[in-house]
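Enquirer: Structure file structure-v8.cif, mmCIF, C-alpha atoms and all ligand atoms, is pasted below:
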```cif
data_input
#
loop_
_atom_site.label_atom_id
_atom_site.label_comp_id
_atom_site.auth_asym_id
_atom_site.auth_seq_id
_atom_site.Cartn_x
_atom_site.Cartn_y
_atom_site.Cartn_z
CA MET A 1 154.32 170.08 146.13
CA LEU A 2 153.39 166.62 144.90
CA ASP A 3 150.16 165.05 146.01
CA LEU A 4 151.00 161.36 145.84
CA ASP A 5 147.62 160.33 147.27
CA ARG A 6 146.05 162.05 144.30
CA LEU A 7 148.42 160.16 141.98
CA GLU A 8 147.32 156.88 143.52
CA GLU A 9 143.64 157.86 143.20
CA ASN A 10 144.14 158.78 139.54
CA TYR A 11 145.98 155.53 138.90
CA GLU A 12 143.20 153.49 140.49
CA TYR A 13 140.60 155.46 138.57
CA VAL A 14 142.31 154.87 135.22
CA THR A 15 143.07 151.18 135.78
CA GLY A 16 139.50 150.72 137.07
CA LYS A 17 138.05 152.41 134.00
CA ILE A 18 140.20 150.21 131.75
CA ALA A 19 138.89 147.14 133.58
CA SER A 20 135.25 148.21 133.25
CA ALA A 21 135.66 149.13 129.58
CA CYS A 22 137.10 145.63 129.02
CA GLN A 23 134.23 144.04 130.87
CA GLN A 24 131.64 145.97 128.85
CA ALA A 25 133.36 144.93 125.64
CA GLY A 26 133.53 141.29 126.73
CA ARG A 27 137.32 141.41 126.75
CA SER A 28 139.77 140.23 129.39
CA PRO A 29 141.59 143.05 131.22
CA ASP A 30 144.93 141.33 130.47
CA GLU A 31 144.39 142.17 126.81
CA VAL A 32 144.85 145.89 127.44
CA ARG A 33 148.05 147.47 128.61
CA LEU A 34 148.22 150.95 130.13
CA LEU A 35 151.05 153.03 128.75
CA ALA A 36 151.71 155.96 131.11
CA VAL A 37 152.68 158.99 129.03
CA THR A 38 155.12 160.93 131.19
CA LYS A 39 156.14 163.74 128.84
CA THR A 40 154.76 166.46 131.14
CA VAL A 41 156.16 165.17 134.45
CA GLY A 42 159.51 164.68 136.15
CA THR A 43 161.32 161.59 137.37
CA ASP A 44 159.89 161.88 140.90
CA LEU A 45 156.37 161.18 139.63
CA ILE A 46 157.58 158.42 137.32
CA ASN A 47 159.27 156.72 140.28
CA ALA A 48 156.06 157.09 142.31
CA LEU A 49 154.00 155.54 139.53
CA TYR A 50 156.52 152.69 139.23
CA ASP A 51 156.13 152.06 142.96
CA LEU A 52 152.36 151.78 142.40
CA GLY A 53 153.07 148.97 139.92
CA GLN A 54 153.18 150.73 136.54
CA ARG A 55 155.77 149.30 134.12
CA ASP A 56 155.08 150.70 130.63
CA PHE A 57 156.00 154.34 130.09
CA GLY A 58 155.97 156.61 127.04
CA GLU A 59 157.72 159.79 125.96
CA ASN A 60 157.31 161.73 122.72
CA ARG A 61 160.63 163.58 122.37
CA THR A 62 164.21 162.34 122.52
CA ARG A 63 165.66 165.59 123.84
CA SER A 64 163.61 165.55 127.05
CA GLY A 65 162.83 161.82 127.17
CA VAL A 66 166.26 160.24 126.84
CA PRO A 67 167.90 161.99 129.83
CA LYS A 68 164.86 161.17 131.98
CA VAL A 69 164.98 157.48 131.11
CA LYS A 70 168.72 157.37 131.79
CA GLU A 71 168.22 158.98 135.17
CA LEU A 72 165.57 156.36 136.00
CA ALA A 73 167.62 153.32 134.98
CA GLU A 74 168.47 152.23 138.51
CA SER A 75 165.24 153.06 140.32
CA THR A 76 162.94 151.51 137.68
CA PRO A 77 164.80 148.39 136.47
CA ASP A 78 161.76 146.63 134.96
CA ALA A 79 160.31 149.65 133.20
CA LYS A 80 159.63 149.38 129.46
CA TRP A 81 160.07 152.59 127.52
CA HIS A 82 157.97 153.37 124.46
CA PHE A 83 158.71 156.18 122.04
CA ILE A 84 155.39 157.61 120.82
CA GLY A 85 156.21 160.94 119.14
CA HIS A 86 157.34 161.85 115.67
CA LEU A 87 160.86 160.47 115.25
CA GLN A 88 163.37 162.21 112.99
CA ARG A 89 165.99 160.03 111.37
CA ASN A 90 168.84 161.95 112.99
CA LYS A 91 167.37 161.14 116.44
CA VAL A 92 167.17 157.38 115.97
CA LYS A 93 170.56 156.65 117.56
CA ASP A 94 169.60 158.65 120.59
CA ALA A 95 166.14 157.08 120.80
CA LEU A 96 167.52 153.54 120.65
CA SER A 97 169.82 154.21 123.58
CA THR A 98 166.77 154.06 125.87
CA PHE A 99 163.59 153.06 124.02
CA THR A 100 162.85 149.47 123.04
CA TRP A 101 159.41 150.17 121.55
CA ILE A 102 158.72 152.69 118.78
CA HIS A 103 155.03 153.35 118.06
CA SER A 104 155.55 155.98 115.39
CA VAL A 105 157.22 154.34 112.40
CA ASP A 106 155.66 156.21 109.50
CA SER A 107 158.04 156.02 106.51
CA PRO A 108 160.32 153.49 104.81
CA ARG A 109 163.28 155.85 105.33
CA LEU A 110 162.70 155.93 109.08
CA ALA A 111 162.27 152.14 109.18
CA ARG A 112 165.56 151.66 107.32
CA GLU A 113 167.40 153.98 109.71
CA ILE A 114 166.02 152.17 112.78
CA GLN A 115 167.07 148.85 111.22
CA LYS A 116 170.56 150.17 110.53
CA VAL A 117 171.13 151.37 114.10
CA ALA A 118 169.48 148.32 115.70
CA SER A 119 171.57 145.97 113.61
CA ALA A 120 174.82 147.78 114.47
CA ARG A 121 173.93 147.45 118.15
CA GLY A 122 172.66 143.89 117.94
CA MET A 123 169.29 144.83 119.39
CA GLU A 124 165.70 144.02 118.51
CA VAL A 125 163.21 146.89 118.36
CA GLN A 126 159.47 146.44 118.86
CA VAL A 127 157.74 148.60 116.29
CA LEU A 128 154.27 149.78 115.45
CA ILE A 129 153.33 151.52 112.25
CA GLU A 130 151.60 154.83 112.84
CA ILE A 131 148.58 155.33 110.60
CA LYS A 132 146.94 158.61 109.75
CA THR A 133 143.27 157.83 110.23
CA SER A 134 141.97 161.40 110.04
CA GLU A 135 142.06 164.14 107.44
CA GLU A 136 143.57 166.64 109.90
CA ASP A 137 146.81 167.99 108.48
CA ALA A 138 148.36 168.18 111.93
CA LYS A 139 148.04 164.45 112.47
CA LEU A 140 151.03 162.27 111.66
CA GLY A 141 151.36 158.82 110.28
CA ALA A 142 151.41 156.83 107.10
CA ASP A 143 148.54 157.07 104.67
CA PRO A 144 146.66 153.76 104.63
CA GLU A 145 146.79 153.93 100.79
CA SER A 146 150.60 154.10 100.65
CA LEU A 147 151.24 151.51 103.30
CA ALA A 148 152.48 148.66 101.11
CA VAL A 149 156.09 149.84 100.72
CA LEU A 150 156.41 150.73 104.38
CA LEU A 151 155.06 147.36 105.40
CA ASP A 152 157.48 145.56 103.05
CA THR A 153 160.40 147.56 104.44
CA VAL A 154 159.53 146.79 108.05
CA LEU A 155 158.91 143.12 107.35
CA ALA A 156 162.27 142.84 105.57
CA SER A 157 164.11 144.44 108.51
CA LYS A 158 165.55 141.64 110.61
CA ASN A 159 165.98 143.68 113.78
CA LEU A 160 162.47 145.12 113.69
CA ASN A 161 159.69 143.11 115.28
CA LEU A 162 156.41 144.43 113.85
CA ARG A 163 153.89 144.32 116.69
CA GLY A 164 150.96 146.27 115.27
CA LEU A 165 149.45 149.63 114.40
CA MET A 166 149.11 152.96 116.17
CA THR A 167 146.90 155.98 115.60
CA MET A 168 145.85 159.24 117.17
CA ALA A 169 142.24 160.35 116.82
CA PRO A 170 141.46 164.06 116.57
CA PHE A 171 140.35 165.70 119.83
CA PHE A 172 136.60 165.97 120.37
CA GLU A 173 134.71 167.26 123.40
CA GLU A 174 132.47 164.25 122.98
CA PRO A 175 134.66 161.11 123.27
CA GLU A 176 132.15 159.02 121.31
CA ALA A 177 133.09 161.01 118.18
CA THR A 178 136.53 159.33 118.15
CA ARG A 179 135.06 155.88 117.55
CA PRO A 180 135.23 155.88 113.72
CA TYR A 181 139.02 156.51 113.79
CA PHE A 182 139.63 153.55 116.09
CA GLU A 183 137.30 151.42 114.04
CA LYS A 184 139.28 152.37 110.95
CA LEU A 185 142.53 151.16 112.54
CA ARG A 186 140.96 147.86 113.59
CA ASN A 187 139.51 147.33 110.10
CA LEU A 188 142.89 148.07 108.54
CA ARG A 189 144.48 145.47 110.79
CA GLU A 190 141.92 142.92 109.63
CA GLN A 191 142.41 143.85 105.99
CA LEU A 192 146.19 143.49 106.24
CA GLY A 193 145.75 140.20 108.04
CA SER A 194 143.64 138.74 105.26
CA GLU A 195 145.48 140.33 102.30
CA ARG A 196 149.01 139.65 103.50
CA GLY A 197 148.60 136.99 106.12
CA ILE A 198 150.46 138.97 108.75
CA SER A 199 149.39 139.17 112.35
CA LEU A 200 149.38 142.61 113.95
CA PRO A 201 148.39 141.88 117.53
CA GLU A 202 148.83 145.35 119.00
CA LEU A 203 146.54 148.32 118.43
CA SER A 204 147.97 151.39 120.20
CA MET A 205 145.06 153.83 120.37
CA GLY A 206 143.15 155.91 122.91
CA MET A 207 144.33 158.76 125.17
CA SER A 208 142.96 160.37 128.36
CA ASN A 209 139.79 161.61 126.72
CA ASP A 210 138.85 158.51 124.76
CA TYR A 211 140.61 155.35 125.99
CA HIS A 212 137.33 153.70 126.98
CA ILE A 213 136.08 154.09 123.40
CA ALA A 214 139.38 152.77 122.01
CA ILE A 215 139.10 149.69 124.24
CA ALA A 216 135.58 149.04 122.95
CA GLU A 217 137.08 149.12 119.44
CA GLY A 218 139.92 146.72 120.23
CA ALA A 219 142.84 148.76 121.65
CA THR A 220 145.55 146.65 123.28
CA ILE A 221 147.68 149.61 124.38
CA VAL A 222 146.13 152.86 125.63
CA ARG A 223 148.43 155.88 125.96
CA VAL A 224 147.31 157.97 128.93
CA GLY A 225 148.99 161.08 130.38
CA THR A 226 146.67 163.85 131.61
CA ALA A 227 144.22 161.55 133.41
CA LEU A 228 147.06 160.10 135.52
CA PHE A 229 148.73 163.35 136.51
CA LYS A 230 145.94 165.90 136.87
CA GLY A 231 145.87 167.61 140.26
CA VAL A 232 149.10 165.93 141.40
CA GLU A 233 151.42 168.92 141.02
CA SER A 234 150.63 172.25 142.64
C1 LIG A 301 150.71 163.16 124.91
C2 LIG A 301 150.34 161.97 124.13
C3 LIG A 301 149.42 161.04 124.63
C4 LIG A 301 148.69 161.20 125.97
O1 LIG A 301 147.74 162.22 125.88
P1 LIG A 301 146.78 162.59 127.13
O2 LIG A 301 145.65 163.28 126.48
O3 LIG A 301 147.59 163.48 128.01
O4 LIG A 301 146.39 161.33 127.77
C5 LIG A 301 149.16 159.91 123.87
N1 LIG A 301 149.75 159.70 122.68
C6 LIG A 301 150.65 160.57 122.16
C7 LIG A 301 151.28 160.28 120.85
C8 LIG A 301 150.97 161.73 122.87
O5 LIG A 301 151.85 162.60 122.35
#
```
Show me the file's structure as structure tokens.

Expert:
Amino acid sequence: MLDLDRLEENYEYVTGKIASACQQAGRSPDEVRLLAVTKTVGTDLINALYDLGQRDFGENRTRSGVPKVKELAESTPDAKWHFIGHLQRNKVKDALSTFTWIHSVDSPRLAREIQKVASARGMEVQVLIEIKTSEEDAKLGADPESLAVLLDTVLASKNLNLRGLMTMAPFFEEPEATRPYFEKLRNLREQLGSERGISLPELSMGMSNDYHIAIAEGATIVRVGTALFKGVES
């Protein structure tokens, strides 16, 4: 059973909390985009969320994500699909059949492969560089210290449009504890802006537990799954 009233309540709660976090931070709500992370739900709930007005969606695996996006092509014509998980080079062709945004570019080799496939298909891909902001071994992303080569590779790739940076903070019971990781990403963006004169408008950071903190620290895309779908399926 799907409780679509609950989905609507969750959606209103999350969009309301985004709006109030923006207001508290003195930011306009149009500066922050909600990315609905649908990896745990089926196409019925994605269609329902689309009908509520949601347009940006994210998946973290090609094997489960690509068939879902294909199935949704007709019912969600204006949806934008973002790939947010670790992307292996041998999955790039598959990923680019449905995703136009990739948040998780973390190595020059991956960037070159995306460029190769995008160029062969005559498409432009919106990319973010994923940065490892924590010491946790399990967390993915490029080391801020070894970023130069990756950045050069992405900037030299004609079919890649570098939009910004992405990170994942470690999980803490207390959301406030995530703040330093988001601050680190924002500072890195400023540093790259002044050192290299590049603009990196998007900061993809913040998940169900901590998106209000990420917004206070400058997030422009928050990736939210659990908070949207809790209590909807029983
Ligand atoms: C699953 C996932 C999210 C969403 O996490 P929730 O805690 O369910 O909101 C965000 N970003 C990435 C990379 C994910 O894999």

Enquirer: What lies within 9 Å of range 161-165 of chain A using only C-alpha atoms, ignoring chain neighbours under 6 positions off, as a PyMOL selection string?

Expert: chain A and resi 103-104+124-131+154-155+185-186+188-189+199-205

Enquirer: For CA of Glu190 in chain A and CA of Gly218 in chain A, quote the distance in Å rounded to one decimal.

Expert: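 A separation of 11.4 Å between them.
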
Enquirer: Need the shell around Glu12 in chain A: protein/DNA/RNA residues with any atom at most 10 Å away, counting all atoms listed in the file. Skip same-chain ones fewer than 6 positions apart. Format as a PDB file with C-alpha atoms, in the frame of the given file?

Expert:
```pdb
ATOM      1  CA  ARG A   6     146.050 162.050 144.300  1.00  0.00           C
ATOM      2  CA  ILE A  18     140.200 150.210 131.750  1.00  0.00           C
ATOM      3  CA  LEU A  52     152.360 151.780 142.400  1.00  0.00           C
ATOM      4  CA  LEU A 228     147.060 160.100 135.520  1.00  0.00           C
TER       5      LEU A 228
END
```

Enquirer: Please compute the CA of Glu59 in chain A-CA of Ala177 in chain A distance, one decimal, in Å.

Expert: 25.9 Å

Enquirer: May I ask for the distance between CA of Lys116 in chain A and CA of Lys70 in chain A, given in Å to one decimal place?

Expert: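 Going from CA of Lys116 in chain A over to CA of Lys70 in chain A covers 22.5 Å.
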
Enquirer: Could you pull out the residues sitting within 9 Å of ligand LIG 301 (chain A), using all atoms listed in the file, and write them as a VMD selection string?

Expert: chain A and resid 35 to 40 58 to 61 83 to 86 103 to 104 166 to 168 171 204 to 211 222 to 229

Enquirer: Excluding range 23-28 of chain A and any residue of its chain fewer than 4 positions from it, enumerate the residues within 12 Å of it, using all atoms listed in the file, and give them as an MDAnalysis selection string.

Expert: chainID A and resid 16:19 32:33 212:220

Enquirer: Could you tell me which of A:Ser75, A:Gln88, A:Ser157, A:Ser146 comes closest to Arg112 in chain A if we count all atoms listed in the file?

Expert: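 When distances to Arg112 in chain A are compared using all atoms listed in the file, the smallest one comes from A:Ser157.
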
Enquirer: Identify which of the residues A:Lys68, A:Ala169, A:Thr15, A:Pro29 lies closest to Glu135 in chain A, counting all atoms listed in the file when measuring atom-to-atom distances.

Expert: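 Under the stated criterion, the closest residue is A:Ala169.
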
Enquirer: Please check which residues have atoms at most 6 Å from (160.0, 152.9, 125.1) in the file's coordinates, counting only C-alpha atoms, and write them as a PyMOL selection string.

Expert: chain A and resi 58+80-83+99-101

Enquirer: Any idea what's packed within 12 Å of Arg89 in chain A, counting only C-alpha atoms, ignoring anything in its chain fewer than 5 positions away? Could you give it as a PyMOL selection string?

Expert: chain A and resi 62+94-96+104-117

Enquirer: How would the residues just picked look written out with C-alpha atoms as a PDB file, keeping the file's coordinate frame?

Expert:
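The resulting file, part23.pdb, is shown below:
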```pdb
ATOM      1  CA  THR A  62     164.210 162.340 122.520  1.00  0.00           C
ATOM      2  CA  ASP A  94     169.600 158.650 120.590  1.00  0.00           C
ATOM      3  CA  ALA A  95     166.140 157.080 120.800  1.00  0.00           C
ATOM      4  CA  LEU A  96     167.520 153.540 120.650  1.00  0.00           C
ATOM      5  CA  SER A 104     155.550 155.980 115.390  1.00  0.00           C
ATOM      6  CA  VAL A 105     157.220 154.340 112.400  1.00  0.00           C
ATOM      7  CA  ASP A 106     155.660 156.210 109.500  1.00  0.00           C
ATOM      8  CA  SER A 107     158.040 156.020 106.510  1.00  0.00           C
ATOM      9  CA  PRO A 108     160.320 153.490 104.810  1.00  0.00           C
ATOM     10  CA  ARG A 109     163.280 155.850 105.330  1.00  0.00           C
ATOM     11  CA  LEU A 110     162.700 155.930 109.080  1.00  0.00           C
ATOM     12  CA  ALA A 111     162.270 152.140 109.180  1.00  0.00           C
ATOM     13  CA  ARG A 112     165.560 151.660 107.320  1.00  0.00           C
ATOM     14  CA  GLU A 113     167.400 153.980 109.710  1.00  0.00           C
ATOM     15  CA  ILE A 114     166.020 152.170 112.780  1.00  0.00           C
ATOM     16  CA  GLN A 115     167.070 148.850 111.220  1.00  0.00           C
ATOM     17  CA  LYS A 116     170.560 150.170 110.530  1.00  0.00           C
ATOM     18  CA  VAL A 117     171.130 151.370 114.100  1.00  0.00           C
TER      19      VAL A 117
END
```

Enquirer: Mind giving me the axis-aligned box for range 32-37 of chain A with 6 Å on every side, centre plus edges in Å to one decimal, as lines of an AutoDock Vina configuration file?

Expert:
```
center_x = 148.8
center_y = 152.4
center_z = 129.3
size_x = 19.8
size_y = 25.1
size_z = 15.7
```

Enquirer: Out of A:Leu151, A:Gly122, A:Glu9, A:Pro170, which residue has the shortest atom-to-atom distance to Asp137 in chain A when counting all atoms listed in the file?

Expert: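 Closest candidate: A:Pro170.
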
Enquirer: Ranking A:Met123, A:Ala156, A:Ile221, A:Ile102 by minimum distance to Leu87 in chain A and counting only C-alpha atoms, which one comes first?

Expert: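 Checking each of A:Met123, A:Ala156, A:Ile221, A:Ile102 against Leu87 in chain A, counting only C-alpha atoms, the winner is A:Ile102.
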
Enquirer: Given the choices A:Ile198, A:Ala148, A:Leu72, A:Ala21, which gets closest to Ala48 in chain A if the distance is worked out from all atoms listed in the file?

Expert: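 Ranking A:Ile198, A:Ala148, A:Leu72, A:Ala21 by distance to Ala48 in chain A, first place goes to A:Leu72.
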
Enquirer: Pick from A:Val66, A:Leu192, A:Lys230, A:Cys22: nearest to Asp152 in chain A, with all atoms listed in the file counted?

Expert: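 For Asp152 in chain A, the nearest of the candidates is A:Leu192.
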
Enquirer: Could range 114-125 of chain A be completed with all heavy atoms and returned as an mmCIF file, keeping the file's coordinate frame?

Expert:
```
data_model
loop_
_atom_site.group_PDB
_atom_site.id
_atom_site.type_symbol
_atom_site.label_atom_id
_atom_site.label_comp_id
_atom_site.auth_asym_id
_atom_site.auth_seq_id
_atom_site.Cartn_x
_atom_site.Cartn_y
_atom_site.Cartn_z
ATOM 1 N N ILE A 114 166.146 152.920 111.513
ATOM 2 C CA ILE A 114 166.020 152.170 112.780
ATOM 3 C C ILE A 114 166.686 150.799 112.619
ATOM 4 O O ILE A 114 167.414 150.340 113.498
ATOM 5 C CB ILE A 114 164.532 152.012 113.191
ATOM 6 C CG1 ILE A 114 163.886 153.383 113.412
ATOM 7 C CG2 ILE A 114 164.417 151.183 114.471
ATOM 8 C CD1 ILE A 114 162.374 153.328 113.609
ATOM 9 N N GLN A 115 166.453 150.158 111.478
ATOM 10 C CA GLN A 115 167.070 148.850 111.220
ATOM 11 C C GLN A 115 168.597 148.957 111.244
ATOM 12 O O GLN A 115 169.279 148.128 111.844
ATOM 13 C CB GLN A 115 166.571 148.302 109.872
ATOM 14 C CG GLN A 115 167.359 147.121 109.322
ATOM 15 C CD GLN A 115 167.408 145.918 110.257
ATOM 16 O OE1 GLN A 115 166.515 145.716 111.088
ATOM 17 N NE2 GLN A 115 168.470 145.116 110.145
ATOM 18 N N LYS A 116 169.112 150.008 110.610
ATOM 19 C CA LYS A 116 170.560 150.170 110.530
ATOM 20 C C LYS A 116 171.183 150.289 111.938
ATOM 21 O O LYS A 116 172.141 149.591 112.274
ATOM 22 C CB LYS A 116 170.881 151.431 109.703
ATOM 23 C CG LYS A 116 172.318 151.554 109.270
ATOM 24 C CD LYS A 116 172.518 152.755 108.329
ATOM 25 C CE LYS A 116 173.047 153.948 109.122
ATOM 26 N NZ LYS A 116 173.040 155.196 108.329
ATOM 27 N N VAL A 117 170.594 151.146 112.753
ATOM 28 C CA VAL A 117 171.130 151.370 114.100
ATOM 29 C C VAL A 117 170.945 150.122 114.969
ATOM 30 O O VAL A 117 171.857 149.699 115.685
ATOM 31 C CB VAL A 117 170.469 152.606 114.752
ATOM 32 C CG1 VAL A 117 170.938 152.790 116.188
ATOM 33 C CG2 VAL A 117 170.751 153.863 113.920
ATOM 34 N N ALA A 118 169.768 149.508 114.881
ATOM 35 C CA ALA A 118 169.480 148.320 115.700
ATOM 36 C C ALA A 118 170.427 147.180 115.333
ATOM 37 O O ALA A 118 170.933 146.466 116.205
ATOM 38 C CB ALA A 118 168.032 147.892 115.521
ATOM 39 N N SER A 119 170.692 147.037 114.057
ATOM 40 C CA SER A 119 171.570 145.970 113.610
ATOM 41 C C SER A 119 172.999 146.205 114.090
ATOM 42 O O SER A 119 173.665 145.298 114.603
ATOM 43 C CB SER A 119 171.477 145.882 112.084
ATOM 44 O OG SER A 119 172.601 145.255 111.561
ATOM 45 N N ALA A 120 173.469 147.457 114.002
ATOM 46 C CA ALA A 120 174.820 147.780 114.470
ATOM 47 C C ALA A 120 174.959 147.502 115.965
ATOM 48 O O ALA A 120 176.042 147.158 116.444
ATOM 49 C CB ALA A 120 175.139 149.235 114.168
ATOM 50 N N ARG A 121 173.858 147.649 116.702
ATOM 51 C CA ARG A 121 173.930 147.450 118.150
ATOM 52 C C ARG A 121 173.481 146.055 118.572
ATOM 53 O O ARG A 121 173.393 145.763 119.763
ATOM 54 C CB ARG A 121 173.048 148.485 118.856
ATOM 55 C CG ARG A 121 173.577 149.881 118.632
ATOM 56 C CD ARG A 121 172.813 150.893 119.432
ATOM 57 N NE ARG A 121 173.215 152.242 119.044
ATOM 58 C CZ ARG A 121 172.634 153.338 119.463
ATOM 59 N NH1 ARG A 121 171.620 153.273 120.315
ATOM 60 N NH2 ARG A 121 173.058 154.513 119.075
ATOM 61 N N GLY A 122 173.111 145.248 117.617
ATOM 62 C CA GLY A 122 172.660 143.890 117.940
ATOM 63 C C GLY A 122 171.414 143.877 118.805
ATOM 64 O O GLY A 122 171.256 143.033 119.681
ATOM 65 N N MET A 123 170.506 144.816 118.579
ATOM 66 C CA MET A 123 169.290 144.830 119.390
ATOM 67 C C MET A 123 168.041 144.621 118.534
ATOM 68 O O MET A 123 168.065 144.843 117.327
ATOM 69 C CB MET A 123 169.173 146.132 120.182
ATOM 70 C CG MET A 123 169.020 147.383 119.333
ATOM 71 S SD MET A 123 169.005 148.920 120.327
ATOM 72 C CE MET A 123 167.368 148.872 121.072
ATOM 73 N N GLU A 124 166.986 144.160 119.190
ATOM 74 C CA GLU A 124 165.700 144.020 118.510
ATOM 75 C C GLU A 124 164.794 145.158 118.971
ATOM 76 O O GLU A 124 164.744 145.460 120.159
ATOM 77 C CB GLU A 124 165.067 142.674 118.853
ATOM 78 C CG GLU A 124 163.763 142.446 118.123
ATOM 79 C CD GLU A 124 163.114 141.098 118.443
ATOM 80 O OE1 GLU A 124 162.636 140.923 119.579
ATOM 81 O OE2 GLU A 124 163.087 140.243 117.532
ATOM 82 N N VAL A 125 164.105 145.778 118.020
ATOM 83 C CA VAL A 125 163.210 146.890 118.360
ATOM 84 C C VAL A 125 161.769 146.465 118.078
ATOM 85 O O VAL A 125 161.481 145.891 117.024
ATOM 86 C CB VAL A 125 163.555 148.146 117.536
ATOM 87 C CG1 VAL A 125 162.711 149.328 117.995
ATOM 88 C CG2 VAL A 125 165.034 148.490 117.654
#
```
